[in-house]
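Below is target_5.txt, which holds compact mmCIF, C-alpha atoms.
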# COMPACT_ATOMS: atom_id res chain seq x y z
CA MET A 703 -24.73 12.01 -2.57
CA LYS A 704 -26.84 12.14 -5.71
CA PRO A 705 -25.81 10.49 -8.98
CA GLY A 706 -23.82 13.03 -10.96
CA ASP A 707 -22.28 14.77 -7.94
CA LEU A 708 -18.48 14.63 -8.25
CA MET A 709 -16.58 14.04 -5.02
CA GLY A 710 -12.98 14.88 -4.20
CA VAL A 711 -9.98 12.60 -3.68
CA SER A 712 -7.48 12.63 -0.80
CA ALA A 713 -4.05 11.01 -0.92
CA ALA A 714 -3.17 9.31 2.37
CA MET A 715 0.43 8.48 3.29
CA ILE A 716 2.23 7.09 6.31
CA ILE A 717 5.95 7.84 6.41
CA LYS A 718 9.10 7.37 8.46
CA ASP A 719 12.66 8.41 7.59
CA SER A 720 11.72 9.03 3.96
CA SER A 721 14.04 11.93 3.16
CA ARG A 722 15.57 10.11 0.16
CA CYS A 723 12.25 9.82 -1.69
CA ILE A 724 9.46 11.94 -0.16
CA GLU A 725 9.93 14.91 -2.50
CA ARG A 726 9.64 12.92 -5.73
CA CYS A 727 6.55 11.15 -4.36
CA LEU A 728 4.83 14.39 -3.40
CA ASP A 729 5.74 16.02 -6.70
CA SER A 730 4.08 13.13 -8.54
CA ILE A 731 0.71 13.49 -6.77
CA LEU A 732 0.46 17.27 -6.20
CA THR A 733 -2.12 17.83 -8.92
CA ALA A 734 -3.56 14.29 -9.01
CA VAL A 735 -5.64 14.72 -5.84
CA ASP A 736 -7.48 17.44 -3.93
CA GLU A 737 -5.79 16.85 -0.58
CA ILE A 738 -2.65 15.12 0.69
CA VAL A 739 -2.71 13.77 4.25
CA ILE A 740 0.71 12.73 5.54
CA VAL A 741 1.19 10.89 8.84
CA ASP A 742 4.73 10.68 10.20
CA THR A 743 5.40 7.78 12.57
CA GLY A 744 8.66 8.97 14.08
CA SER A 745 11.13 10.26 11.48
CA THR A 746 14.57 11.39 12.66
CA ASP A 747 16.28 12.03 9.31
CA GLY A 748 14.87 15.39 8.25
CA THR A 749 11.74 14.02 6.61
CA VAL A 750 9.44 16.14 8.78
CA GLU A 751 11.26 19.33 7.84
CA ILE A 752 10.94 18.50 4.14
CA VAL A 753 7.19 17.87 4.51
CA GLU A 754 6.70 21.03 6.57
CA ALA A 755 8.26 23.03 3.74
CA TYR A 756 5.75 21.47 1.33
CA CYS A 757 2.91 22.30 3.73
CA GLN A 758 4.00 25.94 3.69
CA GLN A 759 3.99 26.02 -0.09
CA TYR A 760 0.91 23.89 -0.78
CA LYS A 761 -2.16 24.47 1.36
CA HIS A 762 -3.76 21.15 0.41
CA ILE A 763 -0.99 19.18 2.18
CA GLN A 764 -1.52 18.38 5.87
CA LEU A 765 1.01 16.77 8.24
CA TYR A 766 0.07 14.74 11.33
CA HIS A 767 2.03 12.63 13.80
CA PHE A 768 1.26 9.13 15.07
CA GLN A 769 3.22 7.11 17.61
CA TRP A 770 4.37 3.88 15.96
CA ILE A 771 2.91 0.78 17.65
CA ASN A 772 4.16 -1.93 15.23
CA ASP A 773 0.85 -1.91 13.39
CA PHE A 774 0.61 -0.61 9.83
CA SER A 775 -3.19 -0.78 9.82
CA ALA A 776 -3.39 1.39 12.93
CA ALA A 777 -1.21 4.04 11.31
CA ARG A 778 -3.07 3.87 8.00
CA ASN A 779 -6.45 4.03 9.70
CA PHE A 780 -5.29 7.12 11.60
CA SER A 781 -4.43 8.73 8.26
CA LEU A 782 -7.87 7.81 6.92
CA SER A 783 -9.46 9.45 9.94
CA LYS A 784 -7.88 12.74 8.86
CA VAL A 785 -8.93 12.86 5.21
CA THR A 786 -11.80 15.16 4.28
CA GLN A 787 -12.64 13.95 0.76
CA GLU A 788 -14.98 11.11 -0.21
CA TRP A 789 -12.33 9.04 -1.98
CA THR A 790 -8.83 8.09 -0.82
CA PHE A 791 -5.76 7.16 -2.85
CA VAL A 792 -3.13 5.42 -0.70
CA VAL A 793 0.46 6.04 -1.67
CA ASP A 794 3.78 5.31 0.05
CA SER A 795 6.76 7.63 0.15
CA ASP A 796 8.78 5.24 -2.03
CA ASP A 797 6.07 5.26 -4.70
CA VAL A 798 5.90 7.52 -7.75
CA LEU A 799 2.72 8.11 -9.74
CA PRO A 800 3.78 8.31 -13.42
CA GLU A 801 2.90 11.54 -15.18
CA GLN A 802 0.67 9.80 -17.71
CA ASP A 803 -1.42 8.34 -14.88
CA GLN A 804 -1.88 11.47 -12.79
CA SER A 805 -5.23 12.39 -14.34
CA LYS A 806 -6.60 8.84 -14.09
CA ILE A 807 -7.41 8.92 -10.37
CA ARG A 808 -10.16 11.50 -10.81
CA GLU A 809 -11.28 9.88 -14.06
CA TYR A 810 -12.07 6.64 -12.22
CA THR A 811 -13.73 8.26 -9.22
CA ASN A 812 -15.71 10.64 -11.42
CA GLN A 813 -17.09 7.68 -13.37
CA MET A 814 -18.39 6.15 -10.16
CA ASP A 815 -19.69 9.46 -8.82
CA ALA A 816 -21.60 10.09 -12.05
CA GLN A 817 -23.39 6.79 -11.47
CA GLY A 818 -23.82 7.31 -7.73
CA LYS A 819 -21.81 4.14 -7.03
CA LYS A 820 -19.02 3.10 -4.69
CA CYS A 821 -16.33 0.49 -5.39
CA VAL A 822 -12.62 -0.14 -4.78
CA PHE A 823 -9.88 -0.05 -7.41
CA ASP A 824 -6.76 -2.17 -7.79
CA ILE A 825 -3.71 -0.37 -9.11
CA VAL A 826 -0.83 -1.90 -11.08
CA TYR A 827 2.28 -2.14 -8.92
CA ASP A 828 5.64 -1.85 -10.69
CA ASN A 829 8.67 -2.77 -8.57
CA THR A 830 11.83 -1.05 -9.77
CA VAL A 831 15.58 -1.55 -9.31
CA ASP A 832 17.94 1.18 -10.51
CA GLY A 833 14.95 2.92 -12.06
CA LYS A 834 14.00 -0.05 -14.22
CA ILE A 835 10.82 -2.10 -13.78
CA VAL A 836 11.77 -5.63 -12.70
CA GLU A 837 8.33 -6.90 -11.64
CA THR A 838 4.77 -5.90 -12.47
CA ILE A 839 1.94 -6.95 -10.16
CA PRO A 840 -1.39 -6.21 -11.88
CA VAL A 841 -3.74 -7.28 -9.07
CA GLY A 842 -3.68 -7.45 -5.31
CA TYR A 843 -3.17 -3.80 -4.37
CA VAL A 844 -6.38 -1.92 -3.57
CA ARG A 845 -5.21 1.69 -3.35
CA LEU A 846 -8.22 3.78 -4.43
CA PHE A 847 -11.42 3.44 -2.43
CA PRO A 848 -14.15 5.27 -0.44
CA SER A 849 -12.64 7.08 2.54
CA SER A 850 -15.01 5.41 5.01
CA LEU A 851 -13.25 2.05 4.62
CA ARG A 852 -10.52 0.82 6.98
CA PHE A 853 -7.45 -1.47 6.94
CA GLN A 854 -6.82 -4.73 8.82
CA ASP A 855 -3.67 -6.72 9.76
CA LYS A 856 -0.49 -5.36 11.33
CA ILE A 857 1.67 -5.97 8.23
CA HIS A 858 0.88 -6.37 4.52
CA GLU A 859 -2.34 -4.70 5.53
CA GLN A 860 -5.40 -4.78 3.31
CA ILE A 861 -8.52 -2.68 3.04
CA VAL A 862 -11.81 -4.28 4.13
CA TYR A 863 -14.17 -3.57 1.24
CA HIS A 864 -16.85 -6.27 1.04
CA PRO A 865 -19.53 -6.10 -0.29
CA LEU A 866 -18.27 -3.37 -2.63
CA GLU A 867 -17.21 -4.34 -6.14
CA ARG A 868 -13.47 -4.55 -6.82
CA ILE A 869 -12.37 -3.14 -10.17
CA GLN A 870 -8.99 -3.37 -11.89
CA SER A 871 -7.64 0.02 -12.96
CA ASP A 872 -4.76 0.85 -15.28
CA ILE A 873 -3.23 3.28 -12.78
CA HIS A 874 0.42 2.41 -12.15
CA LEU A 875 2.63 3.09 -9.15
CA LEU A 876 6.40 2.79 -9.45
CA HIS A 877 7.87 1.40 -6.22
CA ASP A 878 11.54 1.09 -5.25
CA GLY A 879 11.03 -0.12 -1.68
CA TYR A 880 12.69 -3.44 -2.57
CA ASP A 881 15.63 -1.94 -4.45
CA PHE A 882 18.71 -3.37 -2.73
CA ASN A 883 20.65 -0.30 -3.90
CA GLN A 884 18.42 1.93 -1.79
CA ILE A 885 17.54 -0.05 1.34
CA ASP A 886 18.77 -2.91 3.52
CA LEU A 887 16.43 -5.70 2.45
CA ARG A 888 17.42 -7.99 5.32
CA VAL A 889 16.41 -5.36 7.88
CA LYS A 890 13.10 -4.82 6.07
CA LYS A 891 12.44 -8.55 5.83
CA LYS A 892 13.18 -9.08 9.54
CA ARG A 893 10.71 -6.34 10.47
CA ASN A 894 8.07 -7.82 8.19
CA ILE A 895 8.63 -11.37 9.44
CA ASP A 896 8.40 -10.30 13.09
CA LEU A 897 5.09 -8.50 12.45
CA LEU A 898 3.70 -11.39 10.42
CA ILE A 899 4.48 -13.86 13.21
CA GLN A 900 2.78 -11.57 15.73
CA SER A 901 -0.27 -11.33 13.47
CA LEU A 902 -0.44 -15.10 12.93
CA GLN A 903 -0.43 -15.66 16.68
CA GLU A 904 -3.75 -13.82 16.67
CA ASP A 905 -5.14 -15.28 13.44
CA GLN A 906 -3.64 -18.63 12.40
CA GLU A 907 -6.31 -19.26 9.78
CA ASN A 908 -5.32 -16.23 7.70
CA ALA A 909 -4.02 -17.67 4.42
CA ARG A 910 -2.86 -14.27 3.20
CA LEU A 911 -0.57 -13.80 6.21
CA TRP A 912 0.91 -17.30 5.78
CA MET A 913 1.53 -16.53 2.12
CA HIS A 914 3.32 -13.27 2.90
CA LEU A 915 5.40 -15.01 5.57
CA GLY A 916 6.41 -17.59 2.98
CA ARG A 917 7.29 -14.89 0.45
CA GLU A 918 9.38 -13.01 3.01
CA MET A 919 11.35 -16.21 3.73
CA ILE A 920 12.29 -16.75 0.08
CA GLY A 921 16.04 -16.34 -0.14
CA LEU A 922 16.45 -16.46 3.63
CA ASP A 923 15.25 -20.01 4.31
CA ASN A 924 13.62 -21.65 1.32
CA ASP A 925 12.58 -24.75 3.29
CA LYS A 926 10.56 -22.57 5.63
CA ALA A 927 9.28 -20.56 2.68
CA ILE A 928 7.82 -23.68 1.07
CA ARG A 929 6.38 -24.87 4.40
CA TYR A 930 4.59 -21.56 4.98
CA LEU A 931 3.34 -21.36 1.39
CA ASN A 932 1.96 -24.91 1.73
CA ILE A 933 0.12 -23.86 4.89
CA ALA A 934 -1.24 -20.84 3.05
CA GLU A 935 -2.43 -23.04 0.20
CA SER A 936 -4.23 -25.35 2.64
CA LYS A 937 -6.10 -22.42 4.16
CA ALA A 938 -6.81 -20.38 1.02
CA LYS A 939 -10.47 -19.96 0.18
CA SER A 940 -10.40 -17.92 -3.03
CA PRO A 941 -9.07 -18.76 -6.52
CA GLU A 942 -7.20 -15.44 -6.52
CA MET A 943 -5.33 -16.33 -3.33
CA LEU A 944 -4.50 -19.83 -4.58
CA ASP A 945 -3.17 -18.37 -7.80
CA TRP A 946 -0.94 -15.91 -5.91
CA ILE A 947 0.40 -18.66 -3.65
CA ARG A 948 1.21 -20.94 -6.58
CA LYS A 949 2.95 -18.13 -8.43
CA SER A 950 5.05 -17.53 -5.30
CA LYS A 951 6.12 -21.19 -5.38
CA LEU A 952 7.02 -20.94 -9.05
CA GLU A 953 9.32 -18.01 -8.27
CA MET A 954 11.44 -20.41 -6.23
CA SER A 955 11.83 -23.04 -8.97

Give the structure from this file in structure tokens form.
Amino acid sequence: MKPGDLMGVSAAMIIKDSSRCIERCLDSILTAVDEIVIVDTGSTDGTVEIVEAYCQQYKHIQLYHFQWINDFSAARNFSLSKVTQEWTFVVDSDDVLPEQDQSKIREYTNQMDAQGKKCVFDIVYDNTVDGKIVETIPVGYVRLFPSSLRFQDKIHEQIVYHPLERIQSDIHLLHDGYDFNQIDLRVKKKRNIDLLIQSLQEDQENARLWMHLGREMIGLDNDKAIRYLNIAESKAKSPEMLDWIRKSKLEMS
């Protein structure tokens, strides 16, 4: 690629039993990207039929299937293997890209393309309950990046981007995946905890996994939550990670 050449953007999604929210998500990204790659991991609630209808109507939407193996990175990396554009924007079915942000994805990638550079972008994550923003997380979610990159970790997966520069964007995603009115949080937490424990059996020095295990335990067993967050703090190597761990502790006070 030469400086000045503008590359396209693919949206990559992994989904399962997302019939309640998949349409609003797709509607919010239809014109924001050049391609939408959707990977279903075993839906049984009509989600596939909804997506197939979108595929019939919009030729830039592609649907694939992946057998779930209790590994979010494996599923996400499969989706990345199917994209055809140079940049990827990762979105979940319970996310919505606000209308005012839909043009920003190409604005950011075009800026880099014009300079012949590659980097990764953090987005701003807005957790919602009953349609209202209850928590804003400005850093920690790399969702826009070169398509050649890949994820690691079974749960709370992250993109491996070093040595590329990491840049904070002002792109927002509205997320209701922790809205107790929409989902059973205890079931979700149990799934996450089980996968985190499996991952830590393979990598006990991973401060990020210990931190997420601690966060998942908040409200379920606060003694364990503090214990796991303390372990995370003892293993953390970056100021950003330490800051996130300490903020997690403050949430409990």

**Message:** If we count all atoms listed in the file and set the cut-off at 8 Å, which residues sit around Ala777 of chain A, ignoring sequence neighbours fewer than 5 positions away in its own chain? Please answer as a VMD selection string.
**Reply:** chain A and resid 716 741 743 768 770

**Message:** I need the residue nearest Gly748 of chain A from this list: A:Ile717, A:Ile771, A:Leu931, A:Ile835. Use all atoms listed in the file for the distance.
**Reply:** A:Ile717

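Take the candidates A:Leu915, A:Thr746, A:Lys890, A:His762 and check each one against Ser721 of chain A using all atoms listed in the file; the shortest distance goes to A:Thr746.
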
Give me the residues near segment 937-951 of chain A as a short mmCIF file (atom, residue, chain, number, x, y, z; two decimals) with C-alpha atoms, keeping the file's coordinate frame, where near means some atom within 10 Å (using only C-alpha atoms) and where sequence neighbours in that chain fewer than 3 positions away do not count.
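Result saved to part.cif:
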data_model
loop_
_atom_site.label_atom_id
_atom_site.label_comp_id
_atom_site.auth_asym_id
_atom_site.auth_seq_id
_atom_site.Cartn_x
_atom_site.Cartn_y
_atom_site.Cartn_z
CA VAL A 841 -3.74 -7.28 -9.07
CA GLY A 842 -3.68 -7.45 -5.31
CA GLN A 906 -3.64 -18.63 12.40
CA GLU A 907 -6.31 -19.26 9.78
CA ASN A 908 -5.32 -16.23 7.70
CA ALA A 909 -4.02 -17.67 4.42
CA ARG A 910 -2.86 -14.27 3.20
CA TRP A 912 0.91 -17.30 5.78
CA MET A 913 1.53 -16.53 2.12
CA HIS A 914 3.32 -13.27 2.90
CA GLY A 916 6.41 -17.59 2.98
CA ARG A 917 7.29 -14.89 0.45
CA ILE A 920 12.29 -16.75 0.08
CA ALA A 927 9.28 -20.56 2.68
CA ILE A 928 7.82 -23.68 1.07
CA LEU A 931 3.34 -21.36 1.39
CA ASN A 932 1.96 -24.91 1.73
CA ILE A 933 0.12 -23.86 4.89
CA ALA A 934 -1.24 -20.84 3.05
CA MET A 954 11.44 -20.41 -6.23
CA SER A 955 11.83 -23.04 -8.97
#

**Request:** Return the single residue from A:Asp773, A:Asp747, A:Asp824, A:Asp707 that is closest to Glu788 of chain A, with distances computed using only C-alpha atoms.
**Result:** A:Asp707
